[in-house]
Each structure stands twice: as structure tokens, then as C-alpha cells.
file model_31.cif (mmCIF, C-alpha atoms)
data_structure
loop_
_atom_site.group_PDB
_atom_site.id
_atom_site.type_symbol
_atom_site.label_atom_id
_atom_site.label_comp_id
_atom_site.auth_asym_id
_atom_site.auth_seq_id
_atom_site.Cartn_x
_atom_site.Cartn_y
_atom_site.Cartn_z
ATOM 1 C CA MET A 266 144.896 78.425 56.393
ATOM 2 C CA ASN A 267 144.293 81.189 58.891
ATOM 3 C CA PHE A 268 146.511 83.651 60.782
ATOM 4 C CA LEU A 269 148.410 81.181 62.980
ATOM 5 C CA ALA A 270 149.345 78.846 60.136
ATOM 6 C CA HIS A 271 150.376 81.702 57.856
ATOM 7 C CA LEU A 272 152.621 83.210 60.526
ATOM 8 C CA LEU A 273 154.188 79.886 61.455
ATOM 9 C CA LEU A 274 154.821 78.989 57.817
ATOM 10 C CA SER A 275 156.725 82.277 57.399
ATOM 11 C CA GLY A 276 159.550 80.869 59.508
ATOM 12 C CA PRO A 277 161.876 83.173 61.465
ATOM 13 C CA ASN A 278 162.197 85.847 58.746
ATOM 14 C CA ASP A 279 160.576 89.129 59.870
ATOM 15 C CA ASP A 280 160.019 90.370 56.301
ATOM 16 C CA LEU A 281 158.193 87.157 55.378
ATOM 17 C CA ILE A 282 156.123 87.402 58.567
ATOM 18 C CA VAL A 283 155.100 91.017 57.845
ATOM 19 C CA GLY A 284 154.370 90.331 54.179
ATOM 20 C CA ASN A 285 152.450 87.142 54.867
ATOM 21 C CA PHE A 286 150.294 88.926 57.436
ATOM 22 C CA ALA A 287 149.841 92.098 55.338
ATOM 23 C CA ALA A 288 148.716 89.993 52.365
ATOM 24 C CA GLU A 289 145.294 89.588 53.976
ATOM 25 C CA ALA A 290 144.524 93.120 52.741
ATOM 26 C CA VAL A 291 146.910 93.604 49.775
ATOM 27 C CA ARG A 292 145.001 93.426 46.498
ATOM 28 C CA GLY A 293 146.407 93.831 43.019
ATOM 29 C CA ARG A 294 149.819 94.280 41.489
ATOM 30 C CA ALA A 295 150.223 97.980 42.315
ATOM 31 C CA ALA A 296 149.558 97.352 46.005
ATOM 32 C CA LEU A 297 152.048 94.461 45.978
ATOM 33 C CA GLU A 298 154.749 96.515 44.274
ATOM 34 C CA ALA A 299 154.401 99.307 46.839
ATOM 35 C CA TYR A 300 156.269 97.034 49.268
ATOM 36 C CA PRO A 301 160.019 96.330 49.383
ATOM 37 C CA ALA A 302 161.058 93.137 47.578
ATOM 38 C CA ALA A 303 161.637 91.214 50.826
ATOM 39 C CA VAL A 304 158.089 91.930 52.042
ATOM 40 C CA GLN A 305 156.678 91.157 48.594
ATOM 41 C CA ARG A 306 158.086 87.643 49.027
ATOM 42 C CA GLY A 307 155.935 87.289 52.144
ATOM 43 C CA ILE A 308 152.838 88.469 50.273
ATOM 44 C CA ARG A 309 153.548 85.977 47.480
ATOM 45 C CA LEU A 310 154.105 83.281 50.097
ATOM 46 C CA HIS A 311 150.662 84.002 51.547
ATOM 47 C CA ARG A 312 149.107 83.671 48.100
ATOM 48 C CA LEU A 313 150.936 80.399 47.449
ATOM 49 C CA ILE A 314 149.716 78.992 50.772
ATOM 50 C CA ASP A 315 146.129 79.994 49.997
ATOM 51 C CA SER A 316 146.232 78.541 46.494
ATOM 52 C CA PHE A 317 147.929 75.330 47.625
ATOM 53 C CA THR A 318 145.421 74.924 50.455
ATOM 54 C CA ASP A 319 142.303 75.653 48.401
ATOM 55 C CA ASN A 320 143.303 73.136 45.743
ATOM 56 C CA HIS A 321 144.570 70.353 47.979
ATOM 57 C CA PRO A 322 142.475 67.152 47.933
ATOM 58 C CA VAL A 323 142.735 66.688 51.708
ATOM 59 C CA VAL A 324 141.406 70.189 52.363
ATOM 60 C CA ARG A 325 138.659 69.582 49.825
ATOM 61 C CA ARG A 326 137.730 66.480 51.798
ATOM 62 C CA SER A 327 137.444 68.622 54.945
ATOM 63 C CA THR A 328 135.369 71.284 53.213
ATOM 64 C CA ALA A 329 133.072 68.676 51.652
ATOM 65 C CA ARG A 330 132.384 67.289 55.111
ATOM 66 C CA LEU A 331 131.605 70.795 56.396
ATOM 67 C CA ARG A 332 129.310 71.527 53.447
ATOM 68 C CA GLU A 333 127.373 68.390 54.349
ATOM 69 C CA GLN A 334 126.898 69.917 57.804
ATOM 70 C CA GLY A 335 125.162 72.930 56.273
ATOM 71 C CA LEU A 336 128.032 75.416 55.972
ATOM 72 C CA GLY A 337 127.745 75.803 52.198
ATOM 73 C CA LYS A 338 130.152 78.300 50.648
ATOM 74 C CA TRP A 339 131.579 79.111 54.097
ATOM 75 C CA ALA A 340 132.982 75.587 54.578
ATOM 76 C CA GLY A 341 136.456 76.726 53.495
ATOM 77 C CA VAL A 342 136.498 79.484 56.105
ATOM 78 C CA VAL A 343 135.554 77.019 58.840
ATOM 79 C CA ALA A 344 138.239 74.588 57.648
ATOM 80 C CA ASP A 345 140.860 77.370 57.708
ATOM 81 C CA VAL A 346 140.030 78.441 61.254
ATOM 82 C CA GLY A 347 139.547 74.835 62.350
ATOM 83 C CA TYR A 348 142.987 73.900 61.056
ATOM 84 C CA ASP A 349 144.436 76.777 63.091
ATOM 85 C CA HIS A 350 142.675 75.281 66.130
ATOM 86 C CA LEU A 351 144.349 71.918 65.494
ATOM 87 C CA LEU A 352 147.707 73.580 64.871
ATOM 88 C CA ALA A 353 147.427 75.532 68.132
ATOM 89 C CA ARG A 354 146.368 72.464 70.155
ATOM 90 C CA ASP A 355 149.473 70.510 69.098
ATOM 91 C CA PHE A 356 151.750 73.466 68.455
ATOM 92 C CA ALA A 357 154.954 71.825 69.736
ATOM 93 C CA ARG A 358 154.474 69.048 67.183
ATOM 94 C CA TYR A 359 154.298 71.408 64.198
ATOM 95 C CA THR A 360 156.485 74.410 65.009
ATOM 96 C CA TYR A 361 160.037 74.919 63.753
ATOM 97 C CA ARG A 362 161.048 75.879 67.339
ATOM 98 C CA PRO A 363 159.780 73.059 69.600
ATOM 99 C CA GLN A 364 161.213 74.805 72.672
ATOM 100 C CA GLU A 365 158.977 77.851 72.048
ATOM 101 C CA PRO A 366 155.427 77.302 73.340
ATOM 102 C CA LEU A 367 152.428 78.757 71.536
ATOM 103 C CA ALA A 368 152.057 81.657 73.994
ATOM 104 C CA ALA A 369 155.671 82.732 73.454
ATOM 105 C CA PHE A 370 155.385 82.352 69.679
ATOM 106 C CA SER A 371 152.220 84.453 69.709
ATOM 107 C CA GLN A 372 153.852 87.237 71.711
ATOM 108 C CA ARG A 373 156.859 87.195 69.380
ATOM 109 C CA MET A 374 154.550 87.584 66.374
ATOM 110 C CA TYR A 375 152.648 90.446 68.022
ATOM 111 C CA THR A 376 155.936 92.191 68.824
ATOM 112 C CA ILE A 377 157.223 91.888 65.247
ATOM 113 C CA LEU A 378 153.939 93.066 63.739
ATOM 114 C CA GLN A 379 153.574 95.931 66.215
ATOM 115 C CA ALA A 380 157.096 97.158 65.473
ATOM 116 C CA ARG A 381 156.203 97.303 61.762
ATOM 117 C CA HIS A 382 152.588 98.321 62.245
ATOM 118 C CA ASN A 383 152.894 101.197 59.779
ATOM 119 C CA GLU A 384 153.657 98.728 56.953
ATOM 120 C CA LEU A 385 150.302 97.007 57.344
ATOM 121 C CA PRO A 386 147.282 98.096 55.299
ATOM 122 C CA GLU A 387 145.018 100.384 57.324
ATOM 123 C CA ARG A 388 142.175 97.871 57.598
ATOM 124 C CA LEU A 389 144.613 95.307 58.977
ATOM 125 C CA GLN A 390 146.119 97.768 61.463
ATOM 126 C CA HIS A 391 142.681 98.179 63.013
ATOM 127 C CA MET A 392 142.070 94.428 63.187
ATOM 128 C CA PHE A 393 145.574 93.716 64.513
ATOM 129 C CA ARG A 394 144.883 95.815 67.606
ATOM 130 C CA TYR A 395 141.972 93.538 68.511
ATOM 131 C CA MET A 396 143.959 90.428 67.629
ATOM 132 C CA ARG A 397 146.768 91.386 69.969
ATOM 133 C CA GLU A 398 144.531 92.579 72.811
ATOM 134 C CA GLY A 399 142.438 89.405 72.622
ATOM 135 C CA ASP A 400 145.482 87.164 71.983
ATOM 136 C CA TRP A 401 143.685 85.406 69.140
ATOM 137 C CA LEU A 402 146.685 83.251 68.217
ATOM 138 C CA THR A 403 146.911 81.580 71.616
ATOM 139 C CA GLY A 404 143.120 81.480 71.898
ATOM 140 C CA TYR A 405 142.825 79.223 68.858
ATOM 141 C CA ALA A 406 144.050 76.313 71.005
ATOM 142 C CA GLN A 407 140.782 76.186 72.954
ATOM 143 C CA PRO A 408 137.413 75.112 71.523
ATOM 144 C CA GLU A 409 136.031 78.416 72.834
ATOM 145 C CA GLY A 410 138.645 80.300 70.816
ATOM 146 C CA LEU A 411 137.619 78.476 67.646
ATOM 147 C CA ALA A 412 133.947 79.227 68.289
ATOM 148 C CA ARG A 413 134.698 82.872 69.178
ATOM 149 C CA ALA A 414 136.700 83.418 65.967
ATOM 150 C CA LEU A 415 133.929 82.031 63.774
ATOM 151 C CA ASP A 416 131.205 83.830 65.696
ATOM 152 C CA GLY A 417 133.072 87.110 65.239
ATOM 153 C CA LEU A 418 133.324 86.503 61.499
ATOM 154 C CA SER A 419 129.610 85.659 61.346
ATOM 155 C CA ARG A 420 128.833 89.139 62.699
ATOM 156 C CA ARG A 421 131.389 91.096 60.636
ATOM 157 C CA VAL A 422 130.914 89.517 57.207
ATOM 158 C CA PRO A 423 127.603 90.195 55.440
ATOM 159 C CA GLY A 424 125.658 87.018 54.743
ATOM 160 C CA ALA A 425 127.948 84.837 56.861
ATOM 161 C CA GLU A 426 125.633 84.233 59.818
ATOM 162 C CA VAL A 427 125.990 80.456 59.379
ATOM 163 C CA LEU A 428 129.636 80.742 60.512
ATOM 164 C CA ALA A 429 128.338 81.016 64.073
ATOM 165 C CA THR A 430 127.569 77.281 63.823
ATOM 166 C CA GLY A 431 130.960 76.442 62.329
ATOM 167 C CA GLY A 432 132.815 75.801 65.571
ATOM 168 C CA ALA A 433 130.293 73.232 66.747
ATOM 169 C CA ALA A 434 130.255 71.575 63.309
ATOM 170 C CA PHE A 435 134.041 71.283 63.226
ATOM 171 C CA LEU A 436 134.329 70.010 66.791
ATOM 172 C CA ALA A 437 131.569 67.432 66.251
ATOM 173 C CA GLU A 438 133.884 65.572 63.865
ATOM 174 C CA ARG A 439 137.254 66.743 65.144
ATOM 175 C CA PRO A 440 138.974 63.315 64.905
ATOM 176 C CA ALA A 441 138.288 63.250 61.148
ATOM 177 C CA TYR A 442 139.664 66.791 60.733
ATOM 178 C CA GLU A 443 142.697 65.867 62.838
ATOM 179 C CA MET A 444 143.482 63.060 60.399
ATOM 180 C CA ASP A 445 143.054 65.453 57.476
ATOM 181 C CA PHE A 446 145.332 68.039 59.053
ATOM 182 C CA GLU A 447 148.030 65.497 59.923
ATOM 183 C CA GLU A 448 148.106 64.454 56.273
ATOM 184 C CA PHE A 449 147.993 68.003 54.909
ATOM 185 C CA TRP A 450 150.509 69.858 57.110
ATOM 186 C CA PRO A 451 153.727 68.137 55.920
ATOM 187 C CA GLU A 452 152.716 68.801 52.327
ATOM 188 C CA VAL A 453 152.027 72.513 52.766
ATOM 189 C CA ARG A 454 155.235 72.781 54.811
ATOM 190 C CA ALA A 455 157.211 71.179 51.970
ATOM 191 C CA ALA A 456 155.628 73.486 49.371
ATOM 192 C CA VAL A 457 156.497 76.528 51.487
ATOM 193 C CA ASP A 458 160.068 75.331 52.092
ATOM 194 C CA GLU A 459 160.551 74.885 48.355
ATOM 195 C CA LEU A 460 159.376 78.450 47.679
ATOM 196 C CA ILE A 461 161.434 80.009 50.492
ATOM 197 C CA ASN A 462 164.595 78.175 49.465
ATOM 198 C CA THR A 463 164.438 79.074 45.752
#
call {"tool": "encode", "arguments": {"input": "model_31.cif", "output": "C-alpha cells"}}
result
Amino acid sequence: MNFLAHLLLSGPNDDLIVGNFAAEAVRGRAALEAYPAAVQRGIRLHRLIDSFTDNHPVVRRSTARLREQGLGKWAGVVADVGYDHLLARDFARYTYRPQEPLAAFSQRMYTILQARHNELPERLQHMFRYMREGDWLTGYAQPEGLARALDGLSRRVPGAEVLATGGAAFLAERPAYEMDFEEFWPEVRAAVDELINT
């Protein structure tokens, strides 16, 4: 799952939101323990979501389809960003606040993360500025936003040039990925709810 899904799955708790987002660049136990306990829960939540997603048979079905389209080891990245595209397109269907449209949710996330900017790892602080300025979260809803996100990754990550083709590959079989996502989302939501409520 990518940024939008991780933030949405954090629910309304600011500490979980900050920790879940920061987790993108928090490596190792010492880095984890440098955070307050409430933010550590968000980092652990991020890790649970990633592990649950990577090992889920529905997601593996999506990534297998993408590998067949020539994306090799980058199929999981395309699935993650593609799932965010599907989540953004039908945001009202999946959010815990149906009255809050994607644009408003995105601005609320940017406001929370900006207010606690100093808690983010330095590498993430730099990236967050571009995310907010380019409104990546809202942009995921459009096919162009999906393609732009993957194209950007193809240029920033060494050896990932094939990601530039990922948007077109995902969109070529979008109905199949929509079915996968519809099956997967309630299960990841339930796993997250169980962790948050224990």
C-alpha cells in the first residue's frame, strides 16, 4: 500500500498518522525507539500493513499479473501505487468519514504532517514538501497522477526505469485490479482495526 492507503488506515489519530507516514524512512529498533510510544504505534502499524499486504494472496495475484506484463521485481511497487489510484477514485466508498471528500482529507493530512514536520526523518521532510506542493494524494485519483507517481519513481530509484511503464500496464487491466482491491481492502481494514483496538 502507498501513502494514501497508509494515511487512511491510520484513522483519525494524529500520532498514528505521523508514525505511519514517518515509517517510510525509519529503519531499525534504535530509530523506532527514538519516537514517543504513541508514534511508535503508528510506525508498527505501517509495518503491519506492509507485511499483511505483501503476503496477501489477492495482492500476490495482482503482482503476478503485473510481472507477466514485464514489471519483474517492481510489480509490487506498481500494485501499491495502483491500489492508491483505485482508493482515490472511489474514496467515499472506502473512507471512515464519507462526508469528507478526498481533497479535504488530503489537506487535513498535509496540515497534520506539516505541524509535526520536525518529527519526520530528514529524507521524508524533503519529499513531503514536494508531496504537499504537488498534492500527490488527490492526484492519485486521476490516471495521470498514477502515471506521474510511477514515472517519478522510475527516475529517482536506480534500476527502476521500467516503472515508467507501470501506469499503462496497471490501467490496461484496471477492471481486474479493481476486483482484487475490492476483495483486499476489507481484509486489510479488519487487520488494522484489530491492531488499533488491542
call {"tool": "atom_distance", "arguments": {"input": "model_31.cif", "atom1": "CA of Leu352 in chain A", "atom2": "CA of Leu269 in chain A"}}
result
7.9 Å
call {"tool": "atom_distance", "arguments": {"input": "model_31.cif", "atom1": "CA of Gln372 in chain A", "atom2": "CA of Gly432 in chain A"}}
result
24.7 Å
call {"tool": "resolve_selection", "arguments": {"input": "model_31.cif", "expression": "the PyMOL selection byres ((chain A and resi 310) around 8)", "output": "JSON, numbers by chain"}}
result
{"A": [275, 281, 285, 306, 307, 308, 309, 311, 312, 313, 314, 457, 460]}
call {"tool": "atom_distance", "arguments": {"input": "model_31.cif", "atom1": "CA of Leu331 in chain A", "atom2": "CA of Ala270 in chain A"}}
result
19.8 Å
call {"tool": "closest_residue", "arguments": {"input": "model_31.cif", "among": "A:Tyr361, A:Tyr442, A:Phe370, A:Tyr375", "to": "Asp458 in chain A", "atoms": "only C-alpha atoms"}}
result
A:Tyr361
call {"tool": "residues_around", "arguments": {"input": "model_31.cif", "residues": "Phe449 in chain A", "least_positions_apart": "5", "cutoff": "10 Å", "atoms": "all atoms listed in the file", "output": "ChimeraX atom specification"}}
result
/A:318,321-324,348,443-444,454
call {"tool": "resolve_selection", "arguments": {"input": "model_31.cif", "expression": "the PyMOL selection byres ((chain A and resi 356) around 10)", "output": "list of chain:residue names"}}
result
A:Leu273, A:Asp349, A:His350, A:Leu351, A:Leu352, A:Ala353, A:Arg354, A:Asp355, A:Ala357, A:Arg358, A:Tyr359, A:Thr360, A:Tyr361, A:Arg362, A:Pro363, A:Glu365, A:Pro366, A:Leu367, A:Ala368, A:Phe370, A:Thr403, A:Ala406
call {"tool": "closest_residue", "arguments": {"input": "model_31.cif", "among": "A:Ala412, A:Gly424, A:Gly431, A:Pro386", "to": "Leu336 in chain A", "atoms": "all atoms listed in the file"}}
result
A:Gly431
call {"tool": "axis_aligned_box", "arguments": {"input": "model_31.cif", "around": "range 331-335 of chain A", "padding_each_side": "8 Å", "output": "lines of an AutoDock Vina configuration file"}}
result
center_x = 128.4
center_y = 70.7
center_z = 55.6
size_x = 22.4
size_y = 20.5
size_z = 20.4
call {"tool": "closest_residue", "arguments": {"input": "model_31.cif", "among": "A:Gly335, A:Gly293, A:Gly284, A:Arg394", "to": "Glu426 in chain A", "atoms": "all atoms listed in the file"}}
result
A:Gly335
call {"tool": "build_atoms", "arguments": {"input": "model_31.cif", "residues": "range 267-278 of chain A", "atoms": "N, CA and C atoms", "output": "PDB file, keeping the file's coordinate frame"}}
result
ATOM      1  N   ASN A 267     144.612  79.910  58.262  1.00  0.00           N
ATOM      2  CA  ASN A 267     144.293  81.189  58.891  1.00  0.00           C
ATOM      3  C   ASN A 267     145.554  81.816  59.482  1.00  0.00           C
ATOM      4  N   PHE A 268     145.392  82.836  60.319  1.00  0.00           N
ATOM      5  CA  PHE A 268     146.511  83.651  60.782  1.00  0.00           C
ATOM      6  C   PHE A 268     147.656  82.843  61.392  1.00  0.00           C
ATOM      7  N   LEU A 269     147.350  81.918  62.297  1.00  0.00           N
ATOM      8  CA  LEU A 269     148.410  81.181  62.980  1.00  0.00           C
ATOM      9  C   LEU A 269     149.248  80.381  61.994  1.00  0.00           C
ATOM     10  N   ALA A 270     148.608  79.658  61.114  1.00  0.00           N
ATOM     11  CA  ALA A 270     149.345  78.846  60.136  1.00  0.00           C
ATOM     12  C   ALA A 270     150.190  79.725  59.226  1.00  0.00           C
ATOM     13  N   HIS A 271     149.616  80.815  58.739  1.00  0.00           N
ATOM     14  CA  HIS A 271     150.376  81.702  57.856  1.00  0.00           C
ATOM     15  C   HIS A 271     151.619  82.245  58.564  1.00  0.00           C
ATOM     16  N   LEU A 272     151.471  82.662  59.800  1.00  0.00           N
ATOM     17  CA  LEU A 272     152.621  83.210  60.526  1.00  0.00           C
ATOM     18  C   LEU A 272     153.670  82.136  60.790  1.00  0.00           C
ATOM     19  N   LEU A 273     153.236  80.958  61.184  1.00  0.00           N
ATOM     20  CA  LEU A 273     154.188  79.886  61.455  1.00  0.00           C
ATOM     21  C   LEU A 273     154.921  79.471  60.174  1.00  0.00           C
ATOM     22  N   LEU A 274     154.206  79.398  59.076  1.00  0.00           N
ATOM     23  CA  LEU A 274     154.821  78.989  57.817  1.00  0.00           C
ATOM     24  C   LEU A 274     155.796  80.032  57.269  1.00  0.00           C
ATOM     25  N   SER A 275     155.769  81.238  57.809  1.00  0.00           N
ATOM     26  CA  SER A 275     156.725  82.277  57.399  1.00  0.00           C
ATOM     27  C   SER A 275     158.121  82.006  57.921  1.00  0.00           C
ATOM     28  N   GLY A 276     158.247  81.132  58.910  1.00  0.00           N
ATOM     29  CA  GLY A 276     159.550  80.869  59.508  1.00  0.00           C
ATOM     30  C   GLY A 276     160.041  82.059  60.315  1.00  0.00           C
ATOM     31  N   PRO A 277     161.339  82.129  60.581  1.00  0.00           N
ATOM     32  CA  PRO A 277     161.876  83.173  61.465  1.00  0.00           C
ATOM     33  C   PRO A 277     162.196  84.506  60.782  1.00  0.00           C
ATOM     34  N   ASN A 278     161.846  84.645  59.511  1.00  0.00           N
ATOM     35  CA  ASN A 278     162.197  85.847  58.746  1.00  0.00           C
ATOM     36  C   ASN A 278     161.139  86.935  58.954  1.00  0.00           C
TER      37      ASN A 278
END
